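Structure first, then comments.
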Amino acid sequence: MNEDKIIRCITSDGAVMAAAVDTSNLVYTASKVHLTSAVGSAALGRLLTAASIMGAQLKQDNASITLRINGNQSETGAIIAVSDSRGNVRGYLQNPDCPTEYYENGKINVAKAVGKTGVLNVMKDYGTGEPYIGMVELVSGEIAEDITNYYASSEQIPTVCALGVLLDKRNHEVLLAGGLLIQLLPGADETTIDKIEENVSKLEPMTTMLAKGMSIREICEKALDGFQVEVLDEMPIHYACTCSREKVINAFITLPEDEIRSMADEKGYAEALCHFCKKRYRFSKLQLEQIIKERKNNKTDTAQDKTNETAEV
């Protein structure tokens, strides 16, 4: 497989933005990390792809976006995808080995597994202040339509979203994955809208275009056929977890002392498992006591700071 990439383009008149992404490698990686069933790979892959495109639109370097789907009567359980502002993503689903059902045409019934009703939560964290949180009802459970509905309902941006994951029919391994997002900007007039609608009606499925060897730039140019296109940026993307031992310790420190001690099992160790990459962090009883000591020191420092602030007043 080629390196995964994302590209963002805009028409020279500033009326339409299009972003295309090839997520084949990162979706394959996610399927291996989480040991997903066929429908698990398709559902998680679609949401990871959507998160990558949406994350790359954030302007702040330390910003991130989290997408969470909670479908009613869902077989996948909750599906979570997180992206940074460069399109690097991580994610997981609660029931990775959920059963796979198919439509009569042989395609995977993603909507049934995800849940045709429920909610899509979108949280944008810009690294400063309170994050933006949006929530919309699911309209289909197919995910692409739900992303389109989110933009229309929460951000009032006319949007077309296409997401695809192609699996090997024999072993269900991920072969290709990608997505396309087209958005009308304030400068779009009726002529522009009509042309974009015409272009969209002629577009093949995302994985079909990738399978034909089309680059993500060619896919954007096809979506924006008839317009002069300028590339805003193009960059590589990866499945990238941000977990660390330090972050686990910082989470432990927030817990009561008794709860920290009770984490140790019969063998005298505590383990923390990262949901995103399945990495395990092990702590001995001695290390847990050191964390408790650090917790006490932090409390003392905080109390001293408050005392100093009072004295200064």
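The chains in the structure tokens are called A, B, ... from first to last as shown; in each chain the residues are counted from 1, and the ligands are counted from 1 in the order shown.
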
For range 264-274 of chain A: contacts at 6 Å, only C-alpha atoms, fewer than 6 positions along chain excluded, given as a list in words
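Contacts, in chain order: Arg280, Tyr281, Arg282, Phe283, Ser284 and Lys285 of chain A.
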
Those selected residues, please, written with C-alpha atoms and delivered as a PDB file, in the first residue's frame.
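Here's the written file result-v9.pdb:
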ATOM      1  CA  ARG A 280      -0.607  -2.518  28.578  1.00  0.00           C
ATOM      2  CA  TYR A 281       1.094  -0.573  31.352  1.00  0.00           C
ATOM      3  CA  ARG A 282       2.125  -2.586  34.432  1.00  0.00           C
ATOM      4  CA  PHE A 283       2.749  -1.204  37.918  1.00  0.00           C
ATOM      5  CA  SER A 284       4.106  -3.058  40.951  1.00  0.00           C
ATOM      6  CA  LYS A 285       2.830  -2.465  44.498  1.00  0.00           C
TER       7      LYS A 285
END

Spatial neighbours of range 65-69 of chain A, 7 Å, only C-alpha atoms, chain gap at least 3 places, as an MDAnalysis selection string:
chainID A and resid 51 55 78:84 119:125

Only N, CA and C atoms, please: the residues just picked out, written as a compact mmCIF listing (two decimals), in the first residue's frame.
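As a result, out.txt now contains:
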# COMPACT_ATOMS: atom_id res chain seq x y z
N ALA A 51 -13.12 11.29 10.86
CA ALA A 51 -12.41 12.07 11.88
C ALA A 51 -11.14 12.68 11.31
N GLY A 55 -10.62 16.53 11.37
CA GLY A 55 -9.52 17.01 12.19
C GLY A 55 -8.58 17.91 11.42
N ALA A 78 -20.66 1.49 21.23
CA ALA A 78 -20.17 2.84 20.91
C ALA A 78 -18.92 2.75 20.03
N ILE A 79 -18.82 3.67 19.09
CA ILE A 79 -17.64 3.76 18.22
C ILE A 79 -17.03 5.14 18.42
N ILE A 80 -15.72 5.17 18.69
CA ILE A 80 -15.04 6.44 18.99
C ILE A 80 -13.85 6.61 18.05
N ALA A 81 -13.69 7.81 17.52
CA ALA A 81 -12.53 8.15 16.69
C ALA A 81 -12.04 9.53 17.09
N VAL A 82 -10.73 9.67 17.23
CA VAL A 82 -10.12 10.93 17.63
C VAL A 82 -9.05 11.31 16.62
N SER A 83 -9.05 12.57 16.20
CA SER A 83 -8.05 13.05 15.24
C SER A 83 -7.40 14.32 15.75
N ASP A 84 -6.10 14.48 15.44
CA ASP A 84 -5.45 15.76 15.72
C ASP A 84 -5.63 16.67 14.51
N VAL A 119 -27.30 8.65 18.37
CA VAL A 119 -26.72 9.99 18.33
C VAL A 119 -25.26 9.96 17.87
N LEU A 120 -24.88 11.05 17.22
CA LEU A 120 -23.49 11.31 16.87
C LEU A 120 -23.05 12.52 17.68
N ASN A 121 -22.02 12.33 18.50
CA ASN A 121 -21.45 13.43 19.27
C ASN A 121 -20.14 13.89 18.62
N VAL A 122 -19.97 15.20 18.51
CA VAL A 122 -18.75 15.78 17.95
C VAL A 122 -18.18 16.75 18.97
N MET A 123 -16.95 16.50 19.41
CA MET A 123 -16.30 17.41 20.36
C MET A 123 -15.03 17.96 19.73
N LYS A 124 -14.96 19.27 19.63
CA LYS A 124 -13.77 19.94 19.12
C LYS A 124 -13.05 20.61 20.28
N ASP A 125 -11.83 20.17 20.54
CA ASP A 125 -11.03 20.72 21.63
C ASP A 125 -9.89 21.52 21.03

Suppose you want the space between CA of Glu145 in chain A and CA of Leu210 in chain A; what is it in Å?
20.4 Å

Determine, counting only C-alpha atoms, which protein, DNA and RNA residues have an atom within 12 Å of an atom of Tyr102 in chain A; residues of the same chain fewer than 5 positions away are not included. Present the result as a PyMOL selection string.
chain A and resi 38-39+107-113+169

Helix (DSSP H, G or I) call set, DSSP backbone run, range 209-284 of chain A, as a VMD selection string:
chain A and resid 209 to 211 216 to 223 245 to 253 257 to 262

I'd like to know which of A:Ile193, A:Ile291, A:Val89, A:Cys220 is closest to Thr242 in chain A, using only C-alpha atoms.
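The closest residue to Thr242 in chain A is A:Val89.
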
Neighbouring residues of Glu75 in chain A were defined as those with any atom within 9 Å, considering only C-alpha atoms; residues of the same chain fewer than 4 positions away were excluded. Please report them as a list in words.
Gly71, Asn95, Cys98, Pro99, Lys112, Ala113, Val114 and Gly115 of chain A

Within 8 Å of Cys241 in chain A using only C-alpha atoms, minus same-chain residues under 5 positions, as a list of chain:residue names:
A:Val89, A:Arg90, A:Phe276, A:Cys277

Shell of 8 Å around Gly40 in chain A, only C-alpha atoms, local chain residues under 3 positions omitted, as a ChimeraX atom specification:
/A:31,36-37,43-44,76,93,95-98,100

Looking only at the backbone, which of the residues in range 62-256 of chain A does DSSP tag as strand (DSSP E), as a ChimeraX atom specification?
/A:64-71,79-84,89-93,118-125,132-137,159-167,174-184,229-236

Measuring atom to atom with only C-alpha atoms, identify which of A:Leu180, A:Leu185, A:Leu138, A:Ile133 is nearest to Thr117 in chain A.
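Checking each candidate against Thr117 in chain A, we get A:Leu138 as the closest.
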
Hey, which of A:Cys161, A:Val16, A:Leu166, A:Ile237 ends up closest to Asp225 in chain A? Count only C-alpha atoms.
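Among A:Cys161, A:Val16, A:Leu166, A:Ile237, it is A:Val16 that comes nearest to Asp225 in chain A.
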
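Nearest-residue note for Val27 in chain A: choosing from A:Cys243, A:Ile182, A:Ala211, A:Leu176, the minimum distance belongs to A:Leu176, counting only C-alpha atoms.
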
Using only C-alpha atoms, the best pick from A:Ile253, A:Ala19, A:Asp13, A:Thr128 as closest to Asp61 in chain A would be A:Thr128
